[in-house]
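Shown here: final-v6.tsv, TSV, C-alpha atoms.
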```tsv
chain	number	residue	atom	x	y	z
A	1	MET	CA	94.46	122.64	109.19
A	2	GLN	CA	95.93	123.40	112.61
A	3	ARG	CA	95.64	119.76	113.58
A	4	TYR	CA	97.36	118.68	110.37
A	5	LEU	CA	100.27	121.04	110.95
A	6	SER	CA	100.55	119.71	114.50
A	7	GLU	CA	100.69	116.13	113.20
A	8	LEU	CA	103.34	117.11	110.64
A	9	LYS	CA	105.50	118.63	113.38
A	10	ASN	CA	105.25	115.37	115.32
A	11	PHE	CA	106.18	113.22	112.32
A	12	PHE	CA	109.61	112.20	113.63
A	13	ARG	CA	108.10	111.29	116.98
A	14	LYS	CA	104.96	109.46	115.83
A	15	GLY	CA	105.69	108.34	112.26
A	16	ASP	CA	107.08	104.91	111.43
A	17	MET	CA	110.81	105.59	111.34
A	18	VAL	CA	111.65	101.89	111.12
A	19	LEU	CA	109.70	101.56	107.86
A	20	LEU	CA	111.23	104.78	106.51
A	21	ILE	CA	114.78	103.61	107.30
A	22	LEU	CA	114.12	100.26	105.58
A	23	CYS	CA	112.86	102.11	102.50
A	24	LEU	CA	115.86	104.45	102.46
A	25	VAL	CA	118.37	101.61	102.83
A	26	THR	CA	116.69	99.70	99.98
A	27	THR	CA	116.59	102.85	97.83
A	28	ALA	CA	120.28	103.54	98.49
A	29	PHE	CA	121.13	99.99	97.41
A	30	GLY	CA	118.99	100.52	94.31
A	31	CYS	CA	120.81	103.76	93.44
A	32	LEU	CA	124.13	101.95	93.68
A	33	VAL	CA	122.94	99.24	91.30
A	34	ILE	CA	121.40	101.81	88.94
A	35	ALA	CA	124.78	103.58	88.80
A	36	SER	CA	126.34	100.32	87.64
A	37	THR	CA	123.60	99.27	85.22
A	38	THR	CA	123.56	102.68	83.51
A	39	ASN	CA	127.35	102.94	83.37
A	40	THR	CA	127.43	102.05	79.66
A	41	MET	CA	125.04	104.92	78.94
A	42	GLY	CA	127.76	107.39	79.94
A	43	SER	CA	125.55	109.54	82.14
A	44	ILE	CA	124.74	109.93	85.83
A	45	ARG	CA	121.33	111.38	84.98
A	46	HIS	CA	119.53	108.21	86.05
A	47	VAL	CA	121.13	108.24	89.49
A	48	VAL	CA	120.42	111.95	89.95
A	49	VAL	CA	116.79	111.46	88.95
A	50	GLN	CA	116.43	108.50	91.32
A	51	ILE	CA	117.94	110.44	94.23
A	52	GLY	CA	115.68	113.40	93.46
A	53	ALA	CA	112.65	111.11	93.35
A	54	ALA	CA	113.70	109.60	96.69
A	55	LEU	CA	113.82	113.06	98.28
A	56	ILE	CA	110.36	113.89	96.93
A	57	GLY	CA	109.23	110.46	98.08
A	58	VAL	CA	110.39	111.05	101.65
A	59	LEU	CA	108.54	114.36	101.67
A	60	SER	CA	105.41	112.60	100.39
A	61	TYR	CA	105.87	109.93	103.05
A	62	ALA	CA	105.95	112.59	105.79
A	63	LEU	CA	103.02	114.59	104.41
A	64	ILE	CA	100.71	111.61	103.92
A	65	SER	CA	101.77	110.10	107.23
A	66	SER	CA	100.52	113.28	108.91
A	67	ILE	CA	96.97	112.94	107.53
A	68	ASP	CA	94.44	110.86	109.46
A	69	ALA	CA	93.06	107.87	107.55
A	70	GLU	CA	89.53	109.02	108.37
A	71	THR	CA	90.16	112.22	106.43
A	72	PHE	CA	90.84	110.16	103.31
A	73	ALA	CA	87.79	107.96	103.94
A	74	GLU	CA	85.51	111.00	104.12
A	75	HIS	CA	86.49	111.90	100.54
A	76	ARG	CA	86.07	108.50	98.89
A	77	SER	CA	83.87	109.83	96.08
A	78	ALA	CA	86.42	112.55	95.33
A	79	MET	CA	89.17	109.92	95.06
A	80	VAL	CA	87.06	107.87	92.63
A	81	ILE	CA	86.51	110.94	90.44
A	82	PHE	CA	90.21	111.80	90.69
A	83	ASN	CA	91.25	108.31	89.51
A	84	THR	CA	88.80	108.42	86.61
A	85	LEU	CA	89.90	111.85	85.39
A	86	LEU	CA	93.59	111.00	85.80
A	87	LEU	CA	93.27	107.87	83.67
A	88	PHE	CA	91.22	109.67	81.02
A	89	MET	CA	94.06	112.19	80.71
A	90	LEU	CA	96.01	109.43	78.98
A	91	LEU	CA	93.80	109.88	75.91
A	92	PRO	CA	95.03	113.37	74.95
A	93	PHE	CA	98.39	113.41	76.74
A	94	GLY	CA	99.42	109.74	76.87
A	95	GLN	CA	102.75	108.56	75.49
A	96	THR	CA	102.93	105.07	74.01
A	97	ILE	CA	105.97	103.03	75.09
A	98	SER	CA	106.37	99.31	74.22
A	99	GLY	CA	102.76	99.15	73.08
A	100	ASN	CA	101.32	100.60	76.31
A	101	ARG	CA	99.86	104.09	76.62
A	102	SER	CA	100.79	104.35	80.30
A	103	TRP	CA	102.62	107.66	80.65
A	104	LEU	CA	101.47	111.28	80.71
A	105	ASP	CA	103.85	113.40	78.66
A	106	PHE	CA	103.42	117.08	79.46
A	107	PRO	CA	105.73	119.39	77.47
A	108	PHE	CA	106.10	121.75	80.45
A	109	LEU	CA	107.43	118.98	82.75
A	110	PRO	CA	110.96	117.47	82.54
A	111	PHE	CA	109.60	114.03	83.43
A	112	ASN	CA	106.66	111.75	82.61
A	113	ILE	CA	103.93	110.68	85.03
A	114	GLN	CA	102.37	107.22	85.23
A	115	PRO	CA	98.75	107.73	86.39
A	116	ALA	CA	98.29	104.10	87.45
A	117	GLU	CA	101.02	104.49	90.08
A	118	ILE	CA	99.08	107.33	91.67
A	119	CYS	CA	95.76	105.49	91.31
A	120	LYS	CA	97.31	102.54	93.14
A	121	ILE	CA	97.54	104.65	96.31
A	122	THR	CA	94.02	106.05	96.11
A	123	TYR	CA	92.62	102.61	95.22
A	124	VAL	CA	93.99	101.16	98.47
A	125	LEU	CA	92.23	103.97	100.35
A	126	ILE	CA	88.99	103.50	98.40
A	127	MET	CA	88.97	99.75	99.01
A	128	ALA	CA	89.72	100.19	102.72
A	129	SER	CA	86.90	102.70	103.04
A	130	VAL	CA	84.41	100.54	101.13
A	131	MET	CA	85.30	97.41	103.11
A	132	SER	CA	85.04	99.34	106.37
A	133	SER	CA	81.53	100.49	105.48
A	134	HIS	CA	80.53	96.84	104.84
A	135	GLN	CA	82.64	95.15	107.50
A	136	ASN	CA	79.74	93.57	109.41
A	137	ARG	CA	78.33	91.99	106.21
A	138	LEU	CA	81.43	91.75	104.05
A	139	SER	CA	80.52	88.51	102.28
A	140	SER	CA	77.05	89.64	101.22
A	141	ILE	CA	76.29	90.09	97.54
A	142	PRO	CA	75.86	93.91	97.77
A	143	SER	CA	79.18	94.25	99.65
A	144	VAL	CA	81.17	92.13	97.20
A	145	GLY	CA	79.42	93.84	94.31
A	146	HIS	CA	80.40	97.25	95.68
A	147	MET	CA	84.04	96.20	95.95
A	148	LEU	CA	84.03	94.69	92.45
A	149	LEU	CA	82.51	97.87	91.06
A	150	HIS	CA	85.52	99.91	92.20
A	151	LEU	CA	87.95	97.25	90.98
A	152	GLY	CA	86.30	97.13	87.57
A	153	LEU	CA	86.30	100.90	87.29
A	154	VAL	CA	90.00	101.50	87.93
A	155	ALA	CA	91.46	98.27	86.49
A	156	GLY	CA	89.07	98.26	83.53
A	157	LEU	CA	89.69	101.90	82.65
A	158	ASN	CA	93.44	101.47	82.92
A	159	MET	CA	93.38	98.35	80.73
A	160	VAL	CA	91.12	99.86	78.06
A	161	ILE	CA	92.93	103.19	77.87
A	162	SER	CA	96.56	102.22	78.48
A	163	LYS	CA	96.55	98.54	77.37
A	164	ASP	CA	98.94	97.90	80.29
A	165	ALA	CA	97.93	94.48	81.62
A	166	GLY	CA	100.78	94.38	84.14
A	167	VAL	CA	99.75	97.47	86.06
A	168	SER	CA	96.07	96.51	85.80
A	169	LEU	CA	96.91	93.21	87.51
A	170	ILE	CA	98.32	95.13	90.50
A	171	PHE	CA	94.82	96.43	91.22
A	172	VAL	CA	93.46	92.90	90.98
A	173	PHE	CA	96.07	91.56	93.40
A	174	ILE	CA	95.43	94.43	95.85
A	175	PHE	CA	91.76	93.51	95.70
A	176	ILE	CA	92.49	89.82	96.35
A	177	GLY	CA	94.89	90.54	99.19
A	178	MET	CA	92.55	92.97	100.94
A	179	ALA	CA	89.46	90.81	100.40
A	180	PHE	CA	91.18	87.70	101.77
A	181	SER	CA	92.72	89.41	104.79
A	182	GLY	CA	89.55	91.44	105.39
A	183	GLY	CA	87.33	88.42	105.85
A	184	VAL	CA	85.51	87.87	102.55
A	185	GLY	CA	84.17	84.30	102.52
A	186	LEU	CA	86.21	81.64	100.73
A	187	ILE	CA	83.18	80.73	98.65
A	188	TRP	CA	83.66	83.97	96.71
A	189	PHE	CA	87.23	83.03	95.85
A	190	LEU	CA	86.05	79.63	94.60
A	191	VAL	CA	83.38	81.34	92.50
A	192	ALA	CA	86.04	83.69	91.09
A	193	ILE	CA	88.35	80.79	90.20
A	194	GLY	CA	85.47	79.03	88.47
A	195	GLY	CA	84.55	82.18	86.59
A	196	ILE	CA	88.13	82.65	85.39
A	197	ILE	CA	88.26	79.04	84.15
A	198	VAL	CA	85.02	79.49	82.23
A	199	ALA	CA	86.03	82.89	80.83
A	200	ALA	CA	89.62	81.89	80.00
A	201	PRO	CA	88.93	80.87	76.36
A	202	VAL	CA	87.10	84.15	75.71
A	203	LEU	CA	89.85	86.20	77.34
A	204	TRP	CA	92.50	84.31	75.40
A	205	ASN	CA	90.88	84.64	72.00
A	206	PHE	CA	89.44	88.15	72.17
A	207	PHE	CA	91.31	90.20	74.78
A	208	LEU	CA	94.96	89.14	74.57
A	209	SER	CA	97.17	90.27	71.73
A	210	ASP	CA	99.52	87.86	69.98
A	211	TYR	CA	102.62	89.04	71.84
A	212	GLN	CA	100.82	88.68	75.19
A	213	LYS	CA	99.84	85.11	74.30
A	214	LEU	CA	103.43	84.28	73.40
A	215	ARG	CA	104.66	85.57	76.77
A	216	ILE	CA	102.36	83.08	78.48
A	217	GLU	CA	102.95	80.18	76.08
A	218	VAL	CA	106.74	80.21	76.53
A	219	LEU	CA	106.26	79.39	80.22
A	220	PHE	CA	104.53	76.11	79.45
A	221	ASN	CA	105.86	75.05	76.05
A	222	PRO	CA	109.61	74.25	76.10
A	223	ASP	CA	109.49	73.55	72.36
A	224	LEU	CA	108.50	77.12	71.63
A	225	ASP	CA	111.61	79.09	70.59
A	226	PRO	CA	114.15	76.58	72.04
A	227	LEU	CA	117.11	78.64	70.73
A	228	GLY	CA	115.94	81.78	72.48
A	229	THR	CA	115.88	83.97	69.40
A	230	GLY	CA	112.16	84.87	69.52
A	231	PRO	CA	109.72	85.35	72.41
A	232	ARG	CA	112.12	83.65	74.83
A	233	TYR	CA	115.01	85.95	73.89
A	234	HIS	CA	114.94	88.33	76.86
A	235	THR	CA	114.25	85.54	79.36
A	236	VAL	CA	117.25	83.53	78.16
A	237	ARG	CA	119.56	86.53	78.45
A	238	SER	CA	118.10	87.38	81.84
A	239	LEU	CA	118.80	83.88	83.17
A	240	ARG	CA	122.35	83.93	81.82
A	241	SER	CA	123.03	87.18	83.62
A	242	LEU	CA	121.30	86.10	86.81
A	243	THR	CA	123.28	82.88	87.07
A	244	GLY	CA	126.50	84.31	85.62
A	245	GLY	CA	127.65	85.79	88.90
A	246	GLY	CA	127.61	82.65	90.99
A	247	MET	CA	127.59	83.12	94.75
A	248	THR	CA	129.40	86.45	95.11
A	249	GLY	CA	129.08	87.98	91.63
A	250	GLN	CA	131.54	89.44	89.17
A	251	GLY	CA	131.62	92.79	91.00
A	252	LEU	CA	129.86	96.13	90.59
A	253	PHE	CA	130.67	97.76	87.23
A	254	GLU	CA	132.25	94.43	86.19
A	255	GLY	CA	129.33	92.34	84.93
A	256	THR	CA	129.96	90.80	81.52
A	257	ARG	CA	126.51	91.52	80.10
A	258	THR	CA	125.56	94.37	82.40
A	259	GLN	CA	128.55	96.39	81.23
A	260	THR	CA	127.97	95.55	77.56
A	261	HIS	CA	125.57	97.93	75.88
A	262	ASN	CA	122.22	96.28	75.00
A	263	ALA	CA	123.39	92.81	76.10
A	264	LEU	CA	120.75	92.71	78.86
A	265	TYR	CA	117.44	94.38	78.03
A	266	ALA	CA	116.10	97.00	80.49
A	267	GLN	CA	118.84	96.16	82.95
A	268	HIS	CA	118.18	99.26	85.08
A	269	THR	CA	114.37	98.77	85.19
A	270	ASP	CA	112.55	95.48	84.47
A	271	TYR	CA	115.59	93.19	84.58
A	272	ILE	CA	117.62	94.89	87.29
A	273	PHE	CA	117.34	91.77	89.48
A	274	SER	CA	119.23	89.80	86.83
A	275	ALA	CA	121.94	92.48	86.73
A	276	ILE	CA	122.25	92.20	90.52
A	277	GLY	CA	122.70	88.44	90.18
A	278	GLU	CA	125.51	88.91	87.67
A	279	GLU	CA	127.41	91.61	89.53
A	280	LEU	CA	126.64	90.80	93.18
A	281	GLY	CA	125.76	87.12	92.90
A	282	TYR	CA	123.20	85.14	94.87
A	283	ILE	CA	124.25	87.03	98.01
A	284	GLY	CA	123.25	90.34	96.41
A	285	CYS	CA	119.93	88.89	95.25
A	286	ALA	CA	119.27	87.49	98.74
A	287	LEU	CA	120.02	90.89	100.30
A	288	VAL	CA	117.50	92.59	98.02
A	289	LEU	CA	114.83	90.01	98.82
A	290	VAL	CA	115.48	90.29	102.57
A	291	LEU	CA	115.15	94.09	102.48
A	292	LEU	CA	111.90	93.91	100.52
A	293	PHE	CA	110.63	91.12	102.79
A	294	LEU	CA	111.29	93.29	105.87
A	295	ILE	CA	109.38	96.21	104.33
A	296	ILE	CA	106.40	93.96	103.59
A	297	VAL	CA	106.49	92.38	107.05
A	298	ARG	CA	106.65	95.82	108.63
A	299	CYS	CA	103.50	96.87	106.74
A	300	ILE	CA	101.67	93.76	107.92
A	301	TRP	CA	102.94	94.19	111.49
A	302	VAL	CA	101.70	97.79	111.67
A	303	GLY	CA	98.32	96.61	110.36
A	304	THR	CA	97.97	93.83	112.90
A	305	LYS	CA	98.75	96.27	115.73
A	306	SER	CA	95.88	98.55	114.74
A	307	GLN	CA	92.50	97.98	116.37
A	308	ASP	CA	90.70	99.75	113.55
A	309	TYR	CA	89.46	97.67	110.61
A	310	MET	CA	89.94	100.33	107.93
A	311	ARG	CA	93.47	101.09	109.04
A	312	ARG	CA	94.37	97.40	108.96
A	313	MET	CA	93.06	97.14	105.43
A	314	ILE	CA	95.21	100.10	104.34
A	315	CYS	CA	98.34	98.34	105.61
A	316	PHE	CA	97.37	94.99	104.08
A	317	GLY	CA	96.57	96.71	100.77
A	318	ALA	CA	100.01	98.32	100.64
A	319	ALA	CA	101.64	94.98	101.50
A	320	SER	CA	99.61	93.22	98.77
A	321	ALA	CA	100.80	95.68	96.12
A	322	LEU	CA	104.44	95.17	97.14
A	323	ILE	CA	104.11	91.37	97.26
A	324	PHE	CA	102.68	91.23	93.75
A	325	GLN	CA	105.34	93.50	92.27
A	326	VAL	CA	108.20	91.56	93.89
A	327	ILE	CA	106.84	88.16	92.82
A	328	SER	CA	106.07	89.41	89.31
A	329	ASN	CA	109.44	91.05	88.73
A	330	VAL	CA	111.62	88.31	90.23
A	331	GLY	CA	109.48	85.63	88.58
A	332	MET	CA	109.90	87.35	85.22
A	333	CYS	CA	113.69	87.45	85.65
A	334	ILE	CA	113.89	83.73	86.45
A	335	GLY	CA	111.39	82.80	83.74
A	336	VAL	CA	108.47	81.50	85.82
A	337	THR	CA	105.99	84.39	85.34
A	338	PRO	CA	104.99	86.28	82.18
A	339	VAL	CA	106.87	89.41	81.17
A	340	ILE	CA	104.48	92.22	82.14
A	341	GLY	CA	106.91	95.08	82.68
A	342	LEU	CA	106.63	95.65	86.44
A	343	THR	CA	109.63	97.14	88.21
A	344	LEU	CA	111.29	95.86	91.39
A	345	PRO	CA	110.12	98.15	94.24
A	346	PHE	CA	112.70	100.68	95.48
A	347	ILE	CA	115.42	99.04	93.35
A	348	SER	CA	114.48	99.64	89.71
A	349	TYR	CA	114.94	103.02	88.08
A	350	GLY	CA	111.76	105.07	87.86
A	351	GLY	CA	110.85	108.39	89.48
A	352	SER	CA	107.05	107.97	89.38
A	353	SER	CA	107.27	104.48	90.80
A	354	LEU	CA	109.60	105.47	93.63
A	355	VAL	CA	107.60	108.53	94.71
A	356	SER	CA	104.35	106.54	94.66
A	357	LEU	CA	105.92	103.77	96.76
A	358	TYR	CA	106.97	106.23	99.46
A	359	ALA	CA	103.56	107.89	99.33
A	360	MET	CA	101.77	104.55	99.67
A	361	LEU	CA	103.91	103.54	102.63
A	362	GLY	CA	103.23	106.97	104.12
A	363	LEU	CA	99.70	105.63	104.60
A	364	VAL	CA	101.16	102.78	106.66
A	365	SER	CA	103.21	105.26	108.69
A	366	GLY	CA	100.01	107.20	109.33
A	367	VAL	CA	98.40	104.06	110.74
A	368	HIS	CA	101.47	103.56	112.94
A	369	ALA	CA	101.11	107.13	114.21
A	370	ARG	CA	97.33	106.85	114.77
A	371	PRO	CA	96.46	103.14	115.13
A	372	ALA	CA	92.98	103.82	116.50
A	373	PRO	CA	90.18	106.12	115.31
A	374	THR	CA	90.18	109.62	116.69
A	375	SER	CA	86.50	110.19	115.96
A	376	HIS	CA	83.39	108.65	117.49
A	377	GLU	CA	83.54	105.70	115.07
A	378	ARG	CA	83.17	102.34	116.74
A	379	TYR	CA	85.17	99.28	115.76
A	380	ILE	CA	83.01	96.40	114.56
A	381	ARG	CA	84.64	93.03	114.13
A	382	PRO	CA	84.00	91.58	110.65
A	383	TYR	CA	82.85	88.05	110.17
```

Could you write out this file's structure as structure tokens?
Amino acid sequence: MQRYLSELKNFFRKGDMVLLILCLVTTAFGCLVIASTTNTMGSIRHVVVQIGAALIGVLSYALISSIDAETFAEHRSAMVIFNTLLLFMLLPFGQTISGNRSWLDFPFLPFNIQPAEICKITYVLIMASVMSSHQNRLSSIPSVGHMLLHLGLVAGLNMVISKDAGVSLIFVFIFIGMAFSGGVGLIWFLVAIGGIIVAAPVLWNFFLSDYQKLRIEVLFNPDLDPLGTGPRYHTVRSLRSLTGGGMTGQGLFEGTRTQTHNALYAQHTDYIFSAIGEELGYIGCALVLVLLFLIIVRCIWVGTKSQDYMRRMICFGAASALIFQVISNVGMCIGVTPVIGLTLPFISYGGSSLVSLYAMLGLVSGVHARPAPTSHERYIRPY
């Protein structure tokens, strides 16, 4: 405990201030856009909530940054149990929104909690710990099986209980990113691709609902809903907003669709990138992408500077989660990826998402503060 308090006192000296500043700048830009996109709702509640979440997020960033990665690794089983219990809490306390039972709705709390956002953080730690324990035989069948077991547990439980395919895919992409960067043999990726091809008809016919199938079909069938009045409706409106601002945009609080109530669906959450395109133009969109790119690069840079395998995997896992969310959200707005309801990191409105992002990047800051093991553990290069 004494050591932890000492690390917390040294946060401003040892923590990753560059990463924190990048996150704060991106969050501030997001709050500005949220103020504009929620202007028609006649309330500043969304901005207040986002600022409050940012403050809690910074505190989480500092607290988690002050804990040694080895401390987390020593409690891997506890984190697995925690994830399982947290997801099972969706059964009695879950709130169904847009067909997904993804939120915990406690009557004694003024806000909802999304368990998968919290599990995302612990899953990165679990994967890093598991891969570290197998690092000298990472491509063996037992090692890959151990990693897949943890993926199946968290992603499978989340999918079965919440029906939220989008968030479940984050766990899959974290797994892929960490496995690839960690040194798992390419043969396993080829086997996985082959397995997906073989299983695709079964997944399509028995696991995807009709609306999920339509979201995929519209990407490849231009004849499906050509007028944009059915499954392509939100995508068409998103593209019109995104391209409606030209190079410099129509101006904050001036967007034609953004400032018209219900003209652009979920303009402060899922489709906030389209609202940015309308009001701030391609320059505004480019600025957002540059800020997010710098955050991701910083995570990877911190990882590459660490001599410890587990710590590198933590940084690469955090970067993988961010990469997938950015690609998924931006791709959805421009109509090249399915609509799966993932927010744009640090930009979209959402208290749970913002706090969890800061907490996850607190892990990266912890690696920056302690890039090498402090125990007797010996670094073994994976093959």

Between segment 226-341 of chain A and segment 46-70 of chain A, at 10 Å or less, what are the per-residue closest atom pairs and their distances in Å? Count only C-alpha atoms, order by chain and rising residue number, and return it as CSV.
```
residue,atom,partner,partner_atom,distance
A:His268,CA,A:His46,CA,9.1
A:Met310,CA,A:Ala69,CA,8.2
A:Arg311,CA,A:Ala69,CA,7.0
A:Ile314,CA,A:Ala69,CA,8.7
```

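When atom CA of Cys23 of chain A is paired with atom CA of Phe273 of chain A, their separation reads 17.2 Å.
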
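If you measure from each of A:Ala116, A:Ile323, A:Val330, A:Leu104 to Phe82 of chain A using all atoms listed in the file, the closest one turns out to be A:Ala116.
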
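For the pair atom CA of Leu149 of chain A and atom CA of Ala318 of chain A, the separation is 20.0 Å.
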
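With distances restricted to all atoms listed in the file, A:Thr37 is the closest residue to Glu254 of chain A from A:Leu32, A:Val191, A:Thr37, A:Leu224.
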
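Interatomic distance, atom CA of Leu151 of chain A against atom CA of Phe171 of chain A: 6.9 Å.
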
Hey, what's within 6 Å of segment 100-103 of chain A if we count all atoms listed in the file and toss same-chain stuff fewer than 4 positions away? As number ranges by chain, please?
-> A: 94-96, 113-114, 162-164

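In terms of minimum interatomic distance to Ser352 of chain A, A:Lys120 ranks closest within A:Lys120, A:Arg45, A:His234, A:Arg257, counting all atoms listed in the file.
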
Nearest to His146 of chain A among A:Tyr211, A:Phe324, A:Phe175, A:Trp204, with distances taken over all atoms listed in the file: which residue is it?
-> A:Phe175

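Among the candidates A:Ile170, A:Val336, A:Phe346, A:Ser274, the residue lying nearest to Val25 of chain A is A:Phe346 (atoms considered: all atoms listed in the file).
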
For Val218 of chain A, please output as a list in words all residues within 8 Å (counting all atoms listed in the file; exclusion window: fewer than 4 positions along the same chain).
-> Leu214, Pro222, Leu224, Asp225, Pro231 and Arg232 of chain A
